[in-house]
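Below is the file my_file.txt, which contains compact mmCIF, C-alpha atoms.
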# COMPACT_ATOMS: atom_id res chain seq x y z
CA MET N 1 0.00 0.00 0.00
CA ILE N 2 2.80 2.45 0.89
CA ARG N 3 4.58 1.59 -2.37
CA LYS N 4 1.37 2.23 -4.38
CA THR N 5 0.80 5.56 -2.67
CA ALA N 6 4.35 6.70 -3.30
CA ALA N 7 4.08 5.67 -6.95
CA ALA N 8 0.82 7.56 -7.37
CA LEU N 9 2.36 10.71 -5.96
CA ALA N 10 5.49 10.38 -8.07
CA VAL N 11 3.54 9.95 -11.30
CA LEU N 12 0.60 12.24 -10.67
CA THR N 13 2.09 15.24 -8.88
CA ALA N 14 2.52 18.36 -10.96
CA LEU N 15 4.31 21.69 -10.86
CA THR N 16 6.03 21.58 -7.50
CA GLY N 17 8.42 19.52 -5.37
CA PRO N 18 8.19 19.02 -1.60
CA LEU N 19 7.92 22.38 0.16
CA MET N 20 6.74 23.46 3.57
CA ALA N 21 3.72 25.72 3.96
CA ASP N 22 4.44 29.40 3.52
CA GLU N 23 2.67 32.69 2.97
CA ASN N 24 4.21 33.28 -0.45
CA THR N 25 2.58 30.48 -2.50
CA ILE N 26 -0.98 29.15 -2.74
CA ARG N 27 -1.04 25.39 -3.24
CA ILE N 28 -4.09 23.47 -4.47
CA GLY N 29 -4.28 19.68 -4.22
CA VAL N 30 -6.73 17.71 -6.38
CA LEU N 31 -7.29 14.28 -4.82
CA THR N 32 -9.39 12.25 -7.23
CA ASP N 33 -10.01 8.99 -9.06
CA MET N 34 -7.52 9.02 -11.93
CA SER N 35 -7.86 5.43 -13.11
CA GLY N 36 -10.94 3.82 -11.53
CA PRO N 37 -14.69 3.75 -12.23
CA PHE N 38 -15.16 7.52 -11.73
CA ALA N 39 -12.19 8.75 -13.76
CA ASP N 40 -14.37 10.07 -16.61
CA ILE N 41 -16.60 12.01 -14.21
CA VAL N 42 -13.74 13.62 -12.28
CA GLY N 43 -10.14 12.45 -12.81
CA GLN N 44 -7.91 14.31 -15.25
CA GLY N 45 -10.84 16.46 -16.34
CA ALA N 46 -11.20 17.84 -12.81
CA VAL N 47 -7.49 18.67 -12.78
CA GLU N 48 -7.83 20.44 -16.12
CA SER N 49 -10.77 22.49 -14.81
CA VAL N 50 -8.66 23.63 -11.86
CA ARG N 51 -5.89 24.60 -14.27
CA LEU N 52 -8.35 26.68 -16.30
CA ALA N 53 -9.54 28.44 -13.13
CA VAL N 54 -5.95 29.18 -12.11
CA ALA N 55 -5.16 30.45 -15.61
CA ASP N 56 -8.16 32.78 -15.42
CA ALA N 57 -6.67 34.17 -12.21
CA SER N 58 -3.44 34.82 -14.18
CA GLY N 59 -1.69 32.16 -12.14
CA LYS N 60 -1.48 34.25 -8.97
CA VAL N 61 -3.51 35.96 -6.27
CA ASN N 62 -2.23 38.98 -4.32
CA SER N 63 1.07 38.54 -6.17
CA LYS N 64 1.36 35.00 -4.77
CA PRO N 65 1.87 32.23 -7.38
CA ILE N 66 -0.60 29.34 -7.45
CA GLU N 67 0.65 25.78 -7.71
CA ILE N 68 -1.39 22.64 -8.41
CA ILE N 69 -0.65 19.07 -7.43
CA PHE N 70 -2.84 16.02 -7.92
CA ALA N 71 -2.94 12.35 -7.03
CA ASP N 72 -5.03 9.18 -7.37
CA HIS N 73 -6.63 8.03 -4.11
CA GLN N 74 -7.69 4.71 -5.74
CA ASN N 75 -11.08 5.15 -4.00
CA LYS N 76 -9.48 3.98 -0.75
CA PRO N 77 -9.74 6.12 2.39
CA ASP N 78 -6.40 4.88 3.79
CA VAL N 79 -4.60 5.81 0.57
CA ALA N 80 -6.34 9.19 0.52
CA LEU N 81 -5.35 9.98 4.11
CA SER N 82 -1.75 8.97 3.49
CA ILE N 83 -1.56 11.35 0.53
CA LEU N 84 -3.30 14.18 2.38
CA ARG N 85 -0.99 13.92 5.39
CA GLN N 86 2.02 14.24 3.12
CA TRP N 87 0.42 17.14 1.27
CA TYR N 88 -0.40 19.04 4.45
CA GLU N 89 2.72 18.23 6.48
CA GLU N 90 5.41 18.18 3.79
CA ARG N 91 4.15 19.80 0.59
CA GLY N 92 2.47 22.91 1.93
CA VAL N 93 -0.95 22.28 0.36
CA ASP N 94 -3.51 24.89 1.48
CA VAL N 95 -6.70 23.50 -0.07
CA ALA N 96 -7.62 19.94 -1.08
CA MET N 97 -10.57 19.20 -3.31
CA GLU N 98 -12.71 16.61 -5.09
CA PHE N 99 -12.40 13.25 -3.15
CA THR N 100 -14.91 11.36 -5.39
CA THR N 101 -16.58 8.95 -2.95
CA SER N 102 -18.37 9.46 0.35
CA THR N 103 -15.98 7.32 2.39
CA VAL N 104 -12.95 9.17 1.05
CA GLY N 105 -14.70 12.53 1.42
CA LEU N 106 -15.65 12.03 5.07
CA ALA N 107 -12.14 10.87 5.98
CA ALA N 108 -10.51 13.71 4.03
CA GLN N 109 -12.78 16.34 5.56
CA ALA N 110 -11.99 15.22 9.10
CA LEU N 111 -8.22 15.28 8.50
CA THR N 112 -8.46 18.66 6.78
CA ARG N 113 -10.23 20.12 9.78
CA SER N 114 -7.58 18.85 12.18
CA ALA N 115 -4.87 20.35 9.95
CA ASN N 116 -6.79 23.67 9.65
CA LYS N 117 -6.70 23.54 5.86
CA VAL N 118 -9.59 23.92 3.38
CA ALA N 119 -11.62 21.02 1.94
CA LEU N 120 -13.80 21.39 -1.18
CA PRO N 121 -15.73 18.12 -1.71
CA LEU N 122 -17.07 17.74 -5.26
CA GLY N 123 -17.80 14.06 -5.92
CA PRO N 124 -18.89 12.69 -2.51
CA ALA N 125 -22.68 12.48 -2.31
CA THR N 126 -23.24 12.01 1.41
CA SER N 127 -25.12 14.90 3.01
CA ASP N 128 -23.28 14.09 6.26
CA LEU N 129 -20.50 16.33 4.91
CA TYR N 130 -22.65 19.32 5.85
CA GLY N 131 -24.80 17.45 8.37
CA ALA N 132 -23.78 15.28 11.28
CA LYS N 133 -20.09 15.39 10.27
CA CYS N 134 -19.93 18.98 9.04
CA SER N 135 -16.75 21.02 9.33
CA PRO N 136 -15.98 24.75 9.60
CA ASN N 137 -13.08 24.08 7.22
CA SER N 138 -15.20 22.70 4.39
CA VAL N 139 -17.37 24.02 1.54
CA VAL N 140 -19.46 21.27 -0.06
CA TRP N 141 -19.99 21.84 -3.80
CA GLY N 142 -21.18 18.55 -5.27
CA MET N 143 -24.76 17.38 -5.50
CA ASP N 144 -25.64 15.08 -2.63
CA ASN N 145 -27.94 12.20 -1.90
CA TYR N 146 -30.77 14.40 -0.67
CA ALA N 147 -30.78 16.29 -3.98
CA PHE N 148 -30.54 13.06 -5.98
CA GLY N 149 -33.30 11.39 -3.98
CA ASN N 150 -35.62 14.38 -3.80
CA ALA N 151 -35.91 15.73 -7.35
CA ALA N 152 -36.19 13.18 -10.16
CA PRO N 153 -38.11 10.49 -8.19
CA LYS N 154 -40.84 12.99 -7.30
CA VAL N 155 -41.38 13.70 -11.02
CA VAL N 156 -41.63 10.00 -11.89
CA VAL N 157 -44.19 9.21 -9.16
CA LYS N 158 -46.38 12.03 -10.43
CA ARG N 159 -46.21 10.47 -13.91
CA GLY N 160 -47.61 7.18 -12.63
CA GLY N 161 -44.48 5.28 -11.65
CA ASP N 162 -45.74 3.66 -8.47
CA LYS N 163 -43.90 0.30 -8.21
CA TRP N 164 -40.20 0.84 -7.65
CA PHE N 165 -37.23 -1.51 -7.68
CA LEU N 166 -33.97 -0.11 -6.31
CA LEU N 167 -30.56 -1.31 -7.54
CA VAL N 168 -28.14 0.01 -4.92
CA THR N 169 -24.35 0.24 -4.76
CA ASP N 170 -23.21 -1.22 -1.43
CA TYR N 171 -21.43 1.66 0.31
CA THR N 172 -22.34 4.89 2.11
CA PHE N 173 -23.54 6.76 -0.98
CA GLY N 174 -25.92 3.95 -1.98
CA HIS N 175 -27.23 3.27 1.51
CA GLN N 176 -28.10 6.89 2.19
CA LEU N 177 -29.70 7.45 -1.20
CA GLN N 178 -31.70 4.22 -0.91
CA GLU N 179 -33.26 5.48 2.33
CA LEU N 180 -34.06 8.88 0.81
CA VAL N 181 -35.66 7.47 -2.35
CA THR N 182 -37.63 4.95 -0.31
CA ASN N 183 -39.02 7.66 1.97
CA LEU N 184 -39.91 9.97 -0.91
CA VAL N 185 -41.60 7.30 -3.05
CA THR N 186 -43.72 6.02 -0.17
CA SER N 187 -44.64 9.53 0.98
CA GLU N 188 -45.87 10.29 -2.55
CA GLY N 189 -48.07 7.18 -2.61
CA GLY N 190 -45.72 4.78 -4.42
CA LYS N 191 -44.38 1.44 -3.25
CA ILE N 192 -40.90 -0.12 -3.12
CA VAL N 193 -41.46 -3.66 -4.44
CA GLY N 194 -37.82 -4.68 -4.01
CA ALA N 195 -34.24 -3.53 -3.45
CA VAL N 196 -30.85 -5.21 -3.78
CA ARG N 197 -27.32 -4.04 -3.05
CA HIS N 198 -24.33 -4.82 -5.25
CA PRO N 199 -20.56 -4.46 -4.73
CA LEU N 200 -18.63 -1.65 -6.38
CA GLY N 201 -17.31 -2.85 -9.75
CA THR N 202 -19.97 -5.52 -10.37
CA PRO N 203 -19.63 -6.86 -13.96
CA ASP N 204 -22.92 -8.82 -14.20
CA PHE N 205 -26.27 -7.47 -12.99
CA SER N 206 -28.47 -10.14 -14.58
CA THR N 207 -29.61 -11.73 -11.29
CA TYR N 208 -30.69 -8.37 -9.89
CA LEU N 209 -32.46 -7.33 -13.10
CA LEU N 210 -34.41 -10.57 -13.34
CA GLN N 211 -35.57 -10.00 -9.78
CA ALA N 212 -36.88 -6.54 -10.72
CA GLN N 213 -38.76 -8.10 -13.62
CA SER N 214 -40.29 -10.86 -11.49
CA LEU N 215 -41.56 -8.38 -8.88
CA GLY N 216 -43.59 -6.43 -11.43
CA ALA N 217 -41.80 -3.09 -11.03
CA ASN N 218 -42.71 -0.28 -13.40
CA VAL N 219 -39.73 1.85 -12.31
CA ILE N 220 -36.14 0.73 -11.81
CA THR N 221 -33.82 3.16 -10.08
CA PHE N 222 -30.08 2.85 -10.54
CA ILE N 223 -28.70 4.03 -7.20
CA ASN N 224 -25.11 3.70 -8.31
CA SER N 225 -22.62 5.74 -10.32
CA GLY N 226 -19.66 5.64 -12.69
CA ASN N 227 -19.03 2.42 -14.59
CA ASP N 228 -21.49 0.48 -12.42
CA MET N 229 -24.31 2.74 -13.55
CA SER N 230 -23.37 2.47 -17.21
CA THR N 231 -23.07 -1.32 -17.05
CA SER N 232 -26.34 -1.87 -15.17
CA ILE N 233 -28.38 0.39 -17.46
CA LYS N 234 -26.92 -1.26 -20.55
CA GLN N 235 -27.75 -4.73 -19.26
CA ALA N 236 -31.25 -3.62 -18.19
CA ARG N 237 -31.97 -2.48 -21.75
CA GLU N 238 -30.52 -5.73 -23.14
CA PHE N 239 -33.03 -7.58 -20.96
CA GLY N 240 -35.81 -5.44 -22.43
CA LEU N 241 -36.79 -3.88 -19.13
CA HIS N 242 -37.30 -0.48 -20.78
CA ALA N 243 -40.46 -1.83 -22.42
CA LYS N 244 -42.23 -2.01 -19.04
CA MET N 245 -40.17 0.15 -16.70
CA GLN N 246 -39.13 3.77 -16.47
CA PHE N 247 -35.38 4.09 -15.88
CA VAL N 248 -34.36 6.60 -13.20
CA ALA N 249 -30.70 7.35 -12.49
CA PRO N 250 -30.40 10.14 -9.91
CA ALA N 251 -26.57 10.33 -10.00
CA PHE N 252 -26.29 10.01 -13.80
CA GLN N 253 -23.74 12.32 -15.44
CA ILE N 254 -22.77 13.17 -19.00
CA PRO N 255 -19.95 10.57 -19.20
CA ASN N 256 -22.58 7.91 -18.50
CA ALA N 257 -24.65 9.10 -21.46
CA LEU N 258 -21.60 9.19 -23.72
CA ALA N 259 -20.46 5.74 -22.59
CA LEU N 260 -23.90 4.22 -23.13
CA GLY N 261 -24.80 6.00 -26.34
CA LEU N 262 -28.25 7.46 -26.90
CA THR N 263 -29.73 4.25 -28.28
CA VAL N 264 -29.19 2.60 -24.89
CA GLY N 265 -29.52 5.63 -22.63
CA GLN N 266 -32.54 7.34 -24.18
CA GLY N 267 -35.35 8.21 -21.79
CA VAL N 268 -33.36 7.85 -18.56
CA ILE N 269 -34.51 10.55 -16.11
CA VAL N 270 -31.70 12.33 -14.27
CA THR N 271 -31.04 15.16 -11.82
CA ASN N 272 -28.40 17.55 -13.11
CA SER N 273 -26.53 20.46 -11.54
CA VAL N 274 -25.26 22.03 -14.76
CA TYR N 275 -25.33 21.06 -18.44
CA TRP N 276 -22.73 22.21 -20.95
CA ASP N 277 -25.36 23.45 -23.44
CA GLN N 278 -27.65 25.30 -21.03
CA SER N 279 -26.30 28.83 -21.60
CA ASP N 280 -23.73 30.91 -23.45
CA VAL N 281 -21.54 30.85 -20.33
CA THR N 282 -21.49 27.06 -20.04
CA ARG N 283 -20.96 26.65 -23.78
CA ALA N 284 -17.96 29.00 -23.70
CA PHE N 285 -16.33 27.13 -20.82
CA SER N 286 -17.07 23.77 -22.45
CA LYS N 287 -15.35 24.89 -25.65
CA ARG N 288 -12.17 25.67 -23.72
CA PHE N 289 -12.40 22.39 -21.82
CA GLU N 290 -13.00 20.40 -25.00
CA GLU N 291 -9.88 21.88 -26.60
CA LYS N 292 -7.87 20.26 -23.79
CA MET N 293 -9.83 17.07 -23.10
CA LYS N 294 -11.58 16.36 -26.46
CA LYS N 295 -14.94 16.11 -24.68
CA VAL N 296 -17.32 18.34 -22.76
CA PRO N 297 -17.08 18.62 -18.96
CA SER N 298 -19.14 16.58 -16.55
CA GLU N 299 -21.07 18.26 -13.78
CA ASN N 300 -18.28 17.62 -11.28
CA GLN N 301 -15.66 18.97 -13.69
CA PHE N 302 -17.70 22.18 -13.98
CA MET N 303 -17.72 22.31 -10.19
CA ALA N 304 -13.93 21.92 -9.99
CA TYR N 305 -13.61 25.19 -11.91
CA ALA N 306 -16.33 26.95 -9.90
CA ALA N 307 -14.97 25.82 -6.52
CA THR N 308 -11.43 26.90 -7.41
CA GLN N 309 -12.59 30.29 -8.68
CA HIS N 310 -14.63 30.97 -5.56
CA TYR N 311 -11.78 29.89 -3.28
CA LEU N 312 -9.35 32.22 -5.09
CA LYS N 313 -11.83 35.11 -4.85
CA ALA N 314 -11.96 34.62 -1.09
CA VAL N 315 -8.18 34.42 -0.77
CA SER N 316 -7.84 37.64 -2.76
CA GLN N 317 -9.74 39.42 0.04
CA MET N 318 -7.30 38.23 2.73
CA LYS N 319 -3.78 39.04 3.81
CA SER N 320 -3.07 35.41 4.71
CA HIS N 321 -4.38 32.20 3.10
CA THR N 322 -2.90 29.68 5.54
CA ASP N 323 -5.70 29.70 8.14
CA GLY N 324 -8.17 27.30 6.55
CA LYS N 325 -11.10 28.10 8.83
CA ALA N 326 -10.70 31.83 8.18
CA VAL N 327 -10.62 31.25 4.41
CA VAL N 328 -13.85 29.24 4.56
CA GLU N 329 -15.50 32.01 6.61
CA GLU N 330 -14.53 34.47 3.87
CA MET N 331 -15.89 32.12 1.19
CA LYS N 332 -19.24 32.07 2.98
CA LYS N 333 -19.43 35.87 2.93
CA LEU N 334 -19.19 36.01 -0.88
CA PRO N 335 -22.20 35.27 -3.12
CA VAL N 336 -21.61 32.30 -5.42
CA SER N 337 -21.49 33.52 -9.01
CA VAL N 338 -19.30 31.32 -11.22
CA LEU N 339 -20.41 29.87 -14.56
CA ASP N 340 -24.10 29.00 -14.01
CA PHE N 341 -23.69 28.33 -10.29
CA LYS N 342 -25.57 31.24 -8.76
CA GLY N 343 -26.40 31.14 -5.07
CA ARG N 344 -24.79 31.19 -1.67
CA ILE N 345 -22.85 29.18 0.88
CA ARG N 346 -24.77 28.38 4.05
CA LYS N 347 -23.29 28.43 7.55
CA ASP N 348 -23.01 24.62 7.46
CA GLY N 349 -20.82 24.83 4.34
CA ARG N 350 -23.43 23.69 1.80
CA VAL N 351 -23.32 25.56 -1.54
CA ILE N 352 -26.89 26.29 -2.68
CA TYR N 353 -27.71 26.45 -6.41
CA ASP N 354 -30.64 25.43 -8.63
CA LEU N 355 -30.86 21.92 -10.12
CA ASN N 356 -32.04 20.65 -13.50
CA ILE N 357 -34.42 17.79 -14.20
CA ALA N 358 -33.48 16.22 -17.52
CA SER N 359 -33.87 13.10 -19.63
CA VAL N 360 -31.46 11.49 -22.08
CA LYS N 361 -32.35 12.30 -25.67
CA ALA N 362 -33.26 9.75 -28.31
CA PRO N 363 -30.79 9.53 -31.23
CA SER N 364 -33.26 11.33 -33.50
CA GLU N 365 -33.36 14.32 -31.11
CA SER N 366 -29.60 14.86 -30.90
CA VAL N 367 -27.80 17.31 -33.20
CA GLY N 368 -24.21 16.60 -32.14
CA PRO N 369 -21.92 14.12 -30.36
CA PHE N 370 -22.39 15.78 -26.95
CA ASP N 371 -26.04 16.80 -27.35
CA VAL N 372 -27.41 14.24 -24.89
CA TYR N 373 -29.83 15.93 -22.46
CA LYS N 374 -33.30 17.38 -22.80
CA LEU N 375 -33.82 19.79 -19.91
CA SER N 376 -37.40 19.63 -18.62
CA GLY N 377 -37.49 21.69 -15.46
CA LYS N 378 -35.76 23.30 -12.49
CA VAL N 379 -35.70 22.60 -8.77
CA SER N 380 -34.67 25.55 -6.60
CA GLY N 381 -31.58 25.17 -4.48
CA GLU N 382 -33.56 25.92 -1.35
CA GLU N 383 -35.81 22.94 -2.12
CA GLY N 384 -33.14 20.70 -3.59
CA PHE N 385 -30.81 20.39 -0.59
CA VAL N 386 -31.39 19.42 3.04
CA PRO N 387 -33.03 22.39 4.83
CA GLU N 388 -30.50 24.24 6.96
CA GLY N 389 -32.34 23.57 10.22
CA LYS N 390 -32.50 19.82 9.60
CA THR N 391 -28.91 18.90 8.72
CA GLY N 392 -27.73 18.11 12.23
CA CYS N 393 -24.65 20.29 11.81
CA THR N 394 -23.43 21.45 15.23
CA PHE N 395 -19.93 22.90 14.79

Take the structure in the file and give it back as structure tokens.
Amino acid sequence: MIRKTAAALAVLTALTGPLMADENTIRIGVLTDMSGPFADIVGQGAVESVRLAVADASGKVNSKPIEIIFADHQNKPDVALSILRQWYEERGVDVAMEFTTSTVGLAAQALTRSANKVALPLGPATSDLYGAKCSPNSVVWGMDNYAFGNAAPKVVVKRGGDKWFLLVTDYTFGHQLQELVTNLVTSEGGKIVGAVRHPLGTPDFSTYLLQAQSLGANVITFINSGNDMSTSIKQAREFGLHAKMQFVAPAFQIPNALALGLTVGQGVIVTNSVYWDQSDVTRAFSKRFEEKMKKVPSENQFMAYAATQHYLKAVSQMKSHTDGKAVVEEMKKLPVSVLDFKGRIRKDGRVIYDLNIASVKAPSESVGPFDVYKLSGKVSGEEGFVPEGKTGCTF
């Protein structure tokens, strides 16, 4: 494990060698999945988004140069913590971001608080990050389970989808979202006819899909993400489940649509934080991103840019950037206005912005290789995330 961690740092660290923290340089660490099931959603694209944000700040803030390092946490909390300790204690990193999964995010946030640095979770979907395990050193940017479980399912129940089967990834993200979807569906008058949990990286979902079919579900919800989501949706369509069931994928992102293709993905209902083709601003950023990555950004890659920009705006208002808690307090004072993320940061660290409800287009509806979503509505940020008085945050 130590050898793997050292190798990841040696290969994936950019721009700077080991240096102690100082007041003269701002150091950003992107800790992400570079080679696993979420690499297309975050990974190198998230790093590139951070680079674009730094470039737009002319590479410095208050005459202090900005340096970026990045590493692959392999979706393992112990690997992530080993990297973060080295970053904070030896490399002078001031802010760490992304984290990908809930288990990595919770561990990283706790260590960041103890080190008095800044954490900017993007990928982790657990609402505990701004709830029971909230931190005064953290600003939570990514969509979370409450948003996933509250928006799209409500639309489907209203359309007559009343018999739900839940296909759930077996870790914190899946468990929490399963509970949320279950509560929402039943409160709206629907019924959960069955639910199964699968390990991360499952190659064959046939047993689970046959169970959904046998239970007479008219909705199947894919409470998973990354490659698992793509694989399970593809196999569900191969089994012909789309003929009798509505597909709902709350955590679906653009790389999933591109990996599946519209023939397979068409009609899947999703909750979306930002879509590359929703405005002139998002189209302009996507063009720059595509020049580097040969594809449009995912939602989390958009957020990597927005989070970095907002962090740098806060630092520009301060004499010192090395007190993480003070930087986060400054971030909360500033209105969020980057790309199409317009809103605010609550006291518990949750960034509030509006959400999209969308469905994957049919091939006949698409006019280009990345034209994959049909936006059908908005959910306000105040409604989309856990209400501030109900998070359980007590810091």

Within 9 Å of segment 87-107 of chain N: each segment 134-239 of chain N residue with its shortest pair, all atoms listed in the file, as a Markdown table:
| residue | atom | partner | partner_atom | distance |
| --- | --- | --- | --- | --- |
| N:Gly142 | CA | N:Glu98 | CA | 8.7 |
| N:Tyr171 | CA | N:Thr103 | CA | 8.1 |
| N:Thr172 | CA | N:Ser102 | CA | 6.3 |
| N:Phe173 | CA | N:Ser102 | CA | 6.0 |

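Atom CA of Glu383 of chain N is positioned 27.4 Å from atom CA of Met245 of chain N.
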
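Minimum distance to Gly59 of chain N across N:Leu177, N:Ala249, N:Ile26, N:Leu210 (counting all atoms listed in the file) occurs at N:Ile26.
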
(request) List every protein, DNA or RNA residue that has at least one atom no more than 12 Å from (-7.4, 32.7, -15.3) in the file's coordinates, counting only C-alpha atoms, and write the result as a count of residues only. (result) 22

(request) Compare N:Ala147, N:Ala243, N:Leu180, N:Ala71 by their minimum atom-to-atom distance to Ser380 of chain N, counting only C-alpha atoms, and give me the closest one. (result) N:Ala147

(message) Need to verify the contact set: segment 127-138 of chain N, 8 Å, all atoms listed in the file, exclusion of same-chain residues closer than 6 positions in sequence. Can you return it as number ranges by chain?
(response) N: 105-106, 109-110, 112-113, 116-121, 144-146, 324-325, 328-329, 348-350, 386, 391-395

(message) At a cut-off of 8 Å, using only C-alpha atoms, what residues contact segment 218-225 of chain N? Leave out same-chain residues fewer than 6 positions from it and give the result as a PyMOL selection string.
(response) chain N and resi 38+161-169+174+177-178+212+232-233+244-252

(request) Would you please work out which residue, of N:Tyr373, N:Phe70, N:Trp141, N:Tyr275, is nearest to His310 of chain N when using all atoms listed in the file? (result) N:Trp141

(request) Give the answer as one residue: which of N:Asn356, N:Thr32, N:Gln253, N:Thr182 has the shortest atom-to-atom distance to Ala80 of chain N, using all atoms listed in the file? (result) N:Thr32

Any chance you could model N, CA and C atoms for segment 117-136 of chain N and send them as a PDB file, keeping the file's coordinate frame?
ATOM      1  N   LYS N 117      -6.784  23.213   7.282  1.00  0.00           N
ATOM      2  CA  LYS N 117      -6.700  23.540   5.860  1.00  0.00           C
ATOM      3  C   LYS N 117      -8.118  23.725   5.331  1.00  0.00           C
ATOM      4  N   VAL N 118      -8.280  23.761   4.005  1.00  0.00           N
ATOM      5  CA  VAL N 118      -9.590  23.920   3.380  1.00  0.00           C
ATOM      6  C   VAL N 118      -9.918  22.680   2.574  1.00  0.00           C
ATOM      7  N   ALA N 119     -11.127  22.155   2.725  1.00  0.00           N
ATOM      8  CA  ALA N 119     -11.620  21.020   1.940  1.00  0.00           C
ATOM      9  C   ALA N 119     -12.770  21.479   1.053  1.00  0.00           C
ATOM     10  N   LEU N 120     -12.736  21.072  -0.224  1.00  0.00           N
ATOM     11  CA  LEU N 120     -13.800  21.390  -1.180  1.00  0.00           C
ATOM     12  C   LEU N 120     -14.297  20.095  -1.811  1.00  0.00           C
ATOM     13  N   PRO N 121     -15.203  19.367  -1.140  1.00  0.00           N
ATOM     14  CA  PRO N 121     -15.730  18.120  -1.710  1.00  0.00           C
ATOM     15  C   PRO N 121     -16.575  18.391  -2.956  1.00  0.00           C
ATOM     16  N   LEU N 122     -16.316  17.629  -4.016  1.00  0.00           N
ATOM     17  CA  LEU N 122     -17.070  17.740  -5.260  1.00  0.00           C
ATOM     18  C   LEU N 122     -17.857  16.464  -5.554  1.00  0.00           C
ATOM     19  N   GLY N 123     -17.179  15.318  -5.535  1.00  0.00           N
ATOM     20  CA  GLY N 123     -17.800  14.060  -5.920  1.00  0.00           C
ATOM     21  C   GLY N 123     -18.602  13.372  -4.827  1.00  0.00           C
ATOM     22  N   PRO N 124     -18.162  13.416  -3.554  1.00  0.00           N
ATOM     23  CA  PRO N 124     -18.890  12.690  -2.510  1.00  0.00           C
ATOM     24  C   PRO N 124     -20.339  13.125  -2.415  1.00  0.00           C
ATOM     25  N   ALA N 125     -21.245  12.169  -2.287  1.00  0.00           N
ATOM     26  CA  ALA N 125     -22.680  12.480  -2.310  1.00  0.00           C
ATOM     27  C   ALA N 125     -23.338  12.413  -0.945  1.00  0.00           C
ATOM     28  N   THR N 126     -22.604  12.087   0.104  1.00  0.00           N
ATOM     29  CA  THR N 126     -23.240  12.010   1.410  1.00  0.00           C
ATOM     30  C   THR N 126     -23.538  13.404   1.954  1.00  0.00           C
ATOM     31  N   SER N 127     -24.756  13.617   2.411  1.00  0.00           N
ATOM     32  CA  SER N 127     -25.120  14.900   3.010  1.00  0.00           C
ATOM     33  C   SER N 127     -24.558  15.042   4.423  1.00  0.00           C
ATOM     34  N   ASP N 128     -23.940  13.988   4.955  1.00  0.00           N
ATOM     35  CA  ASP N 128     -23.280  14.090   6.260  1.00  0.00           C
ATOM     36  C   ASP N 128     -22.129  15.098   6.224  1.00  0.00           C
ATOM     37  N   LEU N 129     -21.604  15.380   5.026  1.00  0.00           N
ATOM     38  CA  LEU N 129     -20.500  16.330   4.910  1.00  0.00           C
ATOM     39  C   LEU N 129     -20.905  17.719   5.403  1.00  0.00           C
ATOM     40  N   TYR N 130     -22.182  18.049   5.292  1.00  0.00           N
ATOM     41  CA  TYR N 130     -22.650  19.320   5.850  1.00  0.00           C
ATOM     42  C   TYR N 130     -23.734  19.076   6.905  1.00  0.00           C
ATOM     43  N   GLY N 131     -23.842  17.828   7.350  1.00  0.00           N
ATOM     44  CA  GLY N 131     -24.800  17.450   8.370  1.00  0.00           C
ATOM     45  C   GLY N 131     -24.110  17.028   9.642  1.00  0.00           C
ATOM     46  N   ALA N 132     -24.293  15.773  10.004  1.00  0.00           N
ATOM     47  CA  ALA N 132     -23.780  15.280  11.280  1.00  0.00           C
ATOM     48  C   ALA N 132     -22.267  15.376  11.393  1.00  0.00           C
ATOM     49  N   LYS N 133     -21.553  15.347  10.245  1.00  0.00           N
ATOM     50  CA  LYS N 133     -20.090  15.390  10.270  1.00  0.00           C
ATOM     51  C   LYS N 133     -19.565  16.649   9.574  1.00  0.00           C
ATOM     52  N   CYS N 134     -20.314  17.728   9.690  1.00  0.00           N
ATOM     53  CA  CYS N 134     -19.930  18.980   9.040  1.00  0.00           C
ATOM     54  C   CYS N 134     -18.637  19.537   9.637  1.00  0.00           C
ATOM     55  N   SER N 135     -18.026  20.461   8.905  1.00  0.00           N
ATOM     56  CA  SER N 135     -16.750  21.020   9.330  1.00  0.00           C
ATOM     57  C   SER N 135     -16.684  22.509   9.000  1.00  0.00           C
ATOM     58  N   PRO N 136     -16.157  23.331   9.895  1.00  0.00           N
ATOM     59  CA  PRO N 136     -15.980  24.750   9.600  1.00  0.00           C
ATOM     60  C   PRO N 136     -14.871  25.011   8.590  1.00  0.00           C
TER      61      PRO N 136
END
